[in-house]
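K.L.:
This is target-v1.cif, which holds mmCIF, C-alpha atoms and all ligand atoms:
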data_final
loop_
_atom_site.label_atom_id
_atom_site.label_comp_id
_atom_site.auth_asym_id
_atom_site.auth_seq_id
_atom_site.Cartn_x
_atom_site.Cartn_y
_atom_site.Cartn_z
CA MET A 265 204.82 74.63 252.13
CA ARG A 266 205.84 72.65 255.17
CA GLU A 267 204.41 73.99 258.41
CA LYS A 268 205.70 73.32 261.91
CA VAL A 269 203.56 74.07 264.96
CA ILE A 270 204.84 73.68 268.51
CA LEU A 271 202.17 72.34 270.84
CA LYS A 272 203.16 73.32 274.37
CA SER A 273 199.78 72.47 275.83
CA LYS A 274 196.48 70.82 275.05
CA LYS A 275 195.17 74.27 274.25
CA ASP A 276 197.68 74.53 271.40
CA THR A 277 196.54 71.18 270.01
CA ASP A 278 192.96 72.37 270.30
CA ARG A 279 193.77 75.53 268.39
CA LEU A 280 195.45 73.57 265.59
CA ALA A 281 192.52 71.13 265.44
CA LYS A 282 190.07 74.01 265.15
CA LYS A 283 192.06 75.60 262.34
CA ILE A 284 192.20 72.33 260.41
CA ALA A 285 188.55 71.46 261.10
CA GLU A 286 187.53 74.70 259.41
CA THR A 287 189.24 73.62 256.19
CA LEU A 288 187.77 70.10 255.95
CA GLN A 289 185.30 68.96 253.35
CA LEU A 290 183.36 65.77 252.79
CA GLY A 291 185.70 63.09 251.45
CA ASP A 292 188.84 64.45 253.11
CA VAL A 293 191.29 61.97 254.61
CA ILE A 294 193.62 62.97 257.43
CA ALA A 295 196.57 60.65 258.09
CA LEU A 296 198.26 60.97 261.48
CA TYR A 297 201.78 59.76 262.16
CA GLY A 298 203.96 59.67 265.26
CA GLU A 299 205.02 57.42 268.09
CA LEU A 300 202.79 56.18 270.89
CA GLY A 301 201.95 59.13 273.12
CA ALA A 302 202.77 61.74 270.49
CA GLY A 303 199.24 63.14 270.58
CA LYS A 304 197.39 61.61 267.61
CA THR A 305 194.28 60.52 269.50
CA PHE A 306 194.05 63.74 271.47
CA PHE A 307 194.29 65.74 268.26
CA THR A 308 191.53 63.55 266.78
CA GLN A 309 189.33 64.19 269.82
CA ARG A 310 189.69 67.94 269.42
CA LEU A 311 189.23 67.74 265.65
CA CYS A 312 185.99 65.78 266.12
CA LYS A 313 184.79 68.29 268.67
CA HIS A 314 185.34 71.13 266.21
CA LEU A 315 183.45 69.11 263.61
CA GLY A 316 180.47 69.08 265.92
CA VAL A 317 180.80 65.64 267.51
CA THR A 318 179.27 65.64 270.99
CA GLU A 319 179.93 61.96 271.78
CA ASN A 320 183.02 60.81 273.61
CA VAL A 321 185.78 60.06 271.08
CA SER A 322 188.06 57.24 272.21
CA SER A 323 191.05 55.43 270.74
CA PRO A 324 190.01 52.75 268.24
CA SER A 325 193.19 50.69 268.83
CA TYR A 326 191.24 47.53 269.62
CA VAL A 327 188.25 47.98 267.35
CA LEU A 328 190.16 49.42 264.37
CA MET A 329 187.43 51.92 263.58
CA ASN A 330 184.92 54.13 265.34
CA GLU A 331 182.27 56.18 263.61
CA TYR A 332 180.86 59.49 264.71
CA SER A 333 178.53 62.04 263.31
CA GLY A 334 178.98 65.76 263.49
CA LYS A 335 178.95 68.30 260.71
CA PHE A 336 179.94 65.29 258.54
CA PRO A 337 179.98 61.55 259.15
CA ILE A 338 183.42 60.75 260.57
CA ALA A 339 185.43 57.52 260.63
CA HIS A 340 188.36 57.29 263.06
CA LEU A 341 190.76 54.44 262.39
CA ASP A 342 193.86 53.22 264.19
CA LEU A 343 195.95 50.85 262.08
CA TYR A 344 198.58 50.10 264.74
CA ARG A 345 197.56 46.45 264.95
CA ILE A 346 197.42 45.86 261.21
CA ASP A 347 200.56 44.22 259.92
CA ALA A 348 199.71 43.52 256.30
CA GLU A 349 198.17 45.71 253.65
CA GLU A 350 195.81 42.86 252.68
CA GLU A 351 194.07 43.14 256.04
CA LEU A 352 193.04 46.62 254.98
CA LEU A 353 191.10 45.39 251.98
CA GLU A 354 188.41 44.06 254.31
CA LEU A 355 187.85 47.56 255.56
CA GLY A 356 186.96 48.80 252.07
CA LEU A 357 188.90 52.00 252.59
CA HIS A 358 188.04 53.63 249.29
CA ASP A 359 184.29 53.36 249.75
CA LEU A 360 184.76 54.60 253.26
CA PHE A 361 186.63 57.72 252.14
CA GLU A 362 183.87 58.87 249.84
CA ASN A 363 181.09 59.97 252.12
CA ARG A 364 182.76 61.10 255.28
CA ILE A 365 185.81 62.61 256.90
CA THR A 366 188.30 59.84 257.62
CA ILE A 367 190.97 60.22 260.28
CA ILE A 368 193.67 57.52 260.34
CA GLU A 369 196.19 56.99 263.12
CA TRP A 370 199.28 54.92 262.24
CA ALA A 371 198.53 55.41 258.55
CA GLU A 372 201.90 54.00 257.31
CA ILE A 373 200.50 50.58 256.44
CA ALA A 374 197.78 52.20 254.28
CA GLU A 375 200.17 54.51 252.45
CA ARG A 376 199.48 53.15 248.97
CA LEU A 377 195.72 53.28 249.50
CA LEU A 378 195.55 56.89 250.62
CA PRO A 379 194.05 59.42 248.20
CA GLU A 380 196.33 61.86 246.45
CA ASN A 381 194.97 64.81 248.40
CA VAL A 382 195.41 63.17 251.83
CA LYS A 383 196.29 65.62 254.58
CA LYS A 384 199.23 64.24 256.52
CA ILE A 385 200.16 65.41 259.99
CA ARG A 386 203.22 64.11 261.82
CA PHE A 387 203.42 64.43 265.60
CA GLU A 388 206.62 64.37 267.60
CA PHE A 389 207.02 64.45 271.37
CA ASP A 390 210.36 65.34 272.91
CA GLY A 391 209.29 64.72 276.51
CA SER A 392 208.00 68.23 277.11
CA ASP A 393 206.64 69.80 273.94
CA ARG A 394 204.85 68.22 271.05
CA ILE A 395 205.42 69.32 267.48
CA ALA A 396 203.06 68.91 264.53
CA TYR A 397 204.41 68.94 260.97
CA PHE A 398 202.15 69.17 257.97
CA GLU A 399 201.90 70.52 254.45
CA ILE A 400 199.86 73.58 253.65
CA THR A 401 198.46 73.51 250.15
N1 LIG A 501 199.46 69.12 273.32
C1 LIG A 501 199.40 68.34 274.40
N2 LIG A 501 199.74 68.83 275.63
C2 LIG A 501 199.70 68.04 276.72
N3 LIG A 501 199.30 66.75 276.73
C3 LIG A 501 198.93 66.21 275.56
C4 LIG A 501 198.96 66.97 274.34
N4 LIG A 501 198.55 66.16 273.32
C5 LIG A 501 198.27 64.98 273.88
N5 LIG A 501 198.48 64.99 275.21
C6 LIG A 501 198.33 63.86 276.16
O1 LIG A 501 199.34 62.90 275.89
C7 LIG A 501 198.85 61.58 276.08
C8 LIG A 501 199.07 60.75 274.83
O2 LIG A 501 198.32 61.33 273.76
P1 LIG A 501 197.55 60.47 272.68
O3 LIG A 501 196.78 61.43 271.87
O4 LIG A 501 196.81 59.35 273.31
O5 LIG A 501 198.78 59.88 271.84
P2 LIG A 501 198.79 58.87 270.59
O6 LIG A 501 197.39 58.70 270.11
O7 LIG A 501 199.68 59.52 269.60
O8 LIG A 501 199.38 57.60 271.13
C9 LIG A 501 197.39 61.73 276.47
O9 LIG A 501 197.27 61.64 277.86
C10 LIG A 501 197.03 63.12 275.97
O10 LIG A 501 196.00 63.70 276.71
MG MG A 502 196.30 56.92 269.62
#
Spell out the structure here as C-alpha cells.
Ligand SMILES: Nc1ncnc2c1ncn2[C@@H]1O[C@H](COP(=O)(O)OP(=O)(O)O)[C@@H](O)[C@H]1O
Ligand SMILES: [Mg+2]

P.N.:
Amino acid sequence: MREKVILKSKKDTDRLAKKIAETLQLGDVIALYGELGAGKTFFTQRLCKHLGVTENVSSPSYVLMNEYSGKFPIAHLDLYRIDAEEELLELGLHDLFENRITIIEWAEIAERLLPENVKKIRFEFDGSDRIAYFEIT
C-alpha cells in the first residue's frame, strides 16, 4: 500500500522518522529520493537519533559515506556526486548492507544494486509543505 504523509514541520518529519526507526532491523536499506532541499538529510538525522545515535549526523555529500553507531551500526550515503554505476563498485555496497542499517540519499544511481526489500521514501517540497511517499508492506 502506498502511503502519503504531509510534513508541515520538522516535528512531523521527526514523528515519521520515529515510526520508521521502530520497524528497522539489521540489514535494512532505506533509499531516499527527492530534490535538493526536499528533506532527505533532515529525515536521516531524525532517523539516526531514534536509532540511538548521539553524534552529530551531517550530510555526506562530499565524503560519500558517514558511519554512526546506535542501536545498530549505521551507514549514511549520499550518491549525488556519483555519475556512473561503476563508481559504486568501489564502495562494496552489498557487503556494506549486511551488517548495518544503510541509508542512501540520491539512491537512483544505485537502483540495480539495491536489495529487493529496500524501503524507498520519496520526498517532495512544494515551497511550504513537504510530502513523504513510501510503501507499507
Ligand atoms: N519537515 C520539515 N519542516 C521544516 N523544515 C524542514 C523539514 N525537513 C527539512 N527541513 C529543512 O529544509 C532544509 C533542507 O533539508 P535537507 O534535509 O538538507 O534536504 P535534502 O537532504 O533533501 O537536500 C534544511 O534546512 C532542513 O532543516
Ligand atoms: Mg541531503

K.L.:
Quick one: residues within 8 Å of Pro337 of chain A, all atoms listed in the file, excluding same-chain residues fewer than 6 positions away - as a list of chain:residue names?

P.N.:
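These residues fall inside the cut-off: A:Glu331, A:Asn363, A:Arg364, A:Ile365.
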
K.L.:
Which residues are near Glu362 of chain A? Cut-off 10 Å, only C-alpha atoms, ignore same chain within fewer than 6 positions. Put them as a ChimeraX atom specification.

P.N.:
/A:290-293

K.L.:
So, counting all atoms listed in the file, which residue among A:Glu369, A:Cys312, A:Leu377, A:Asp342 is closest to Gly356 of chain A?

P.N.:
A:Leu377

K.L.:
Find the residues of chain A that sit at most 7 Å from ligand LIG 501 (chain A); for each, write down the nearest two atoms and how far apart they are in Å, to one decimal. Count all atoms listed in the file. Sort by chain, then by number going up, and give it as a tab-separated table.

P.N.:
residue	atom	partner	partner_atom	distance
A:Leu271	CA	A:LIG501	N1	4.9
A:Lys272	CA	A:LIG501	N1	5.7
A:Ser273	CA	A:LIG501	N2	3.6
A:Lys274	CA	A:LIG501	N1	3.8
A:Lys275	CA	A:LIG501	N1	6.8
A:Asp276	CA	A:LIG501	N1	6.0
A:Thr277	CA	A:LIG501	N1	4.9
A:Gly298	CA	A:LIG501	O7	6.1
A:Glu299	CA	A:LIG501	O7	5.9
A:Leu300	CA	A:LIG501	O8	3.7
A:Gly301	CA	A:LIG501	O5	3.5
A:Ala302	CA	A:LIG501	O7	3.9
A:Gly303	CA	A:LIG501	O3	3.3
A:Lys304	CA	A:LIG501	O7	3.7
A:Thr305	CA	A:LIG501	O3	3.6
A:Phe306	CA	A:LIG501	O3	3.6
A:Phe307	CA	A:LIG501	O3	6.1
A:Arg394	CA	A:LIG501	N1	5.9

K.L.:
Nearest to Phe361 of chain A among A:Val327, A:Ile294, A:Phe389, A:Glu267, with distances taken over all atoms listed in the file: which residue is it?

P.N.:
A:Ile294

K.L.:
Looking at A:Leu288, A:Ala371, A:Leu357, A:Met265, which one is nearest to ligand MG 502 (chain A), with distances taken over only C-alpha atoms and all ligand atoms?

P.N.:
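The answer is A:Ala371, which sits nearest to ligand MG 502 (chain A).
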
K.L.:
Using only C-alpha atoms and all ligand atoms, can you tell me which of A:Ser392, A:Ser323, A:Thr287, A:Thr308 comes closest to ligand MG 502 (chain A)?

P.N.:
A:Ser323

K.L.:
Which residue out of A:Leu296, A:Ala285, A:Leu355, A:Ile373 has the minimum interatomic distance to Lys335 of chain A when all atoms listed in the file are used?

P.N.:
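Of A:Leu296, A:Ala285, A:Leu355, A:Ile373, the one nearest Lys335 of chain A is A:Ala285, counting all atoms listed in the file.
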
K.L.:
Could you work out how far atom CA of Ile270 of chain A lies from atom CA of Glu388 of chain A, giving the answer in Å with one decimal?

P.N.:
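Straight-line distance from atom CA of Glu388 of chain A to atom CA of Ile270 of chain A works out to 9.5 Å.
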
K.L.:
Measuring between all atoms listed in the file, which one of A:Gln309, A:Glu399, A:Glu286, A:Asn320 shows the shortest distance to ligand MG 502 (chain A)?

P.N.:
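Distance minimum relative to ligand MG 502 (chain A) lands on A:Gln309.
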
K.L.:
To one decimal place in Å, what is the distance between atom CA of Val317 of chain A and atom CA of Ala281 of chain A?

P.N.:
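For atom CA of Val317 of chain A relative to atom CA of Ala281 of chain A, the distance reads 13.1 Å.
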
K.L.:
Step by step, gather every atom of segment 265-274 of chain A that the file lists, find the box along x, y and z that holds them, add 3 Å on each side, and finally give centre and edge lengths in Å to one decimal, as JSON.

P.N.:
{"center_x": 201.2, "center_y": 72.7, "center_z": 264.0, "size_x": 15.4, "size_y": 9.8, "size_z": 29.7}

K.L.:
Please compute the atom CA of Phe336 of chain A-atom CA of Lys313 of chain A distance, one decimal, in Å.

P.N.:
11.6 Å

K.L.:
For a cut-off of 6 Å around (203.6, 65.8, 255.8), file coordinates, pick out all residues using all atoms listed in the file and list them as a PyMOL selection string.

P.N.:
chain A and resi 384-385+398-399

K.L.:
For Glu372 of chain A, list every protein, DNA or RNA residue within 9 Å, evaluated using only C-alpha atoms, and leave out those in the same chain fewer than 2 positions away; present the list as a VMD selection string.

P.N.:
chain A and resid 295 to 297 343 369 to 370 374 to 376

K.L.:
If we count only C-alpha atoms and set the cut-off at 7 Å, which residues sit around Pro324 of chain A, ignoring sequence neighbours fewer than 4 positions away in its own chain? Please answer as a list in words.

P.N.:
Leu328, Met329, Asn330, Leu341 and Asp342 of chain A
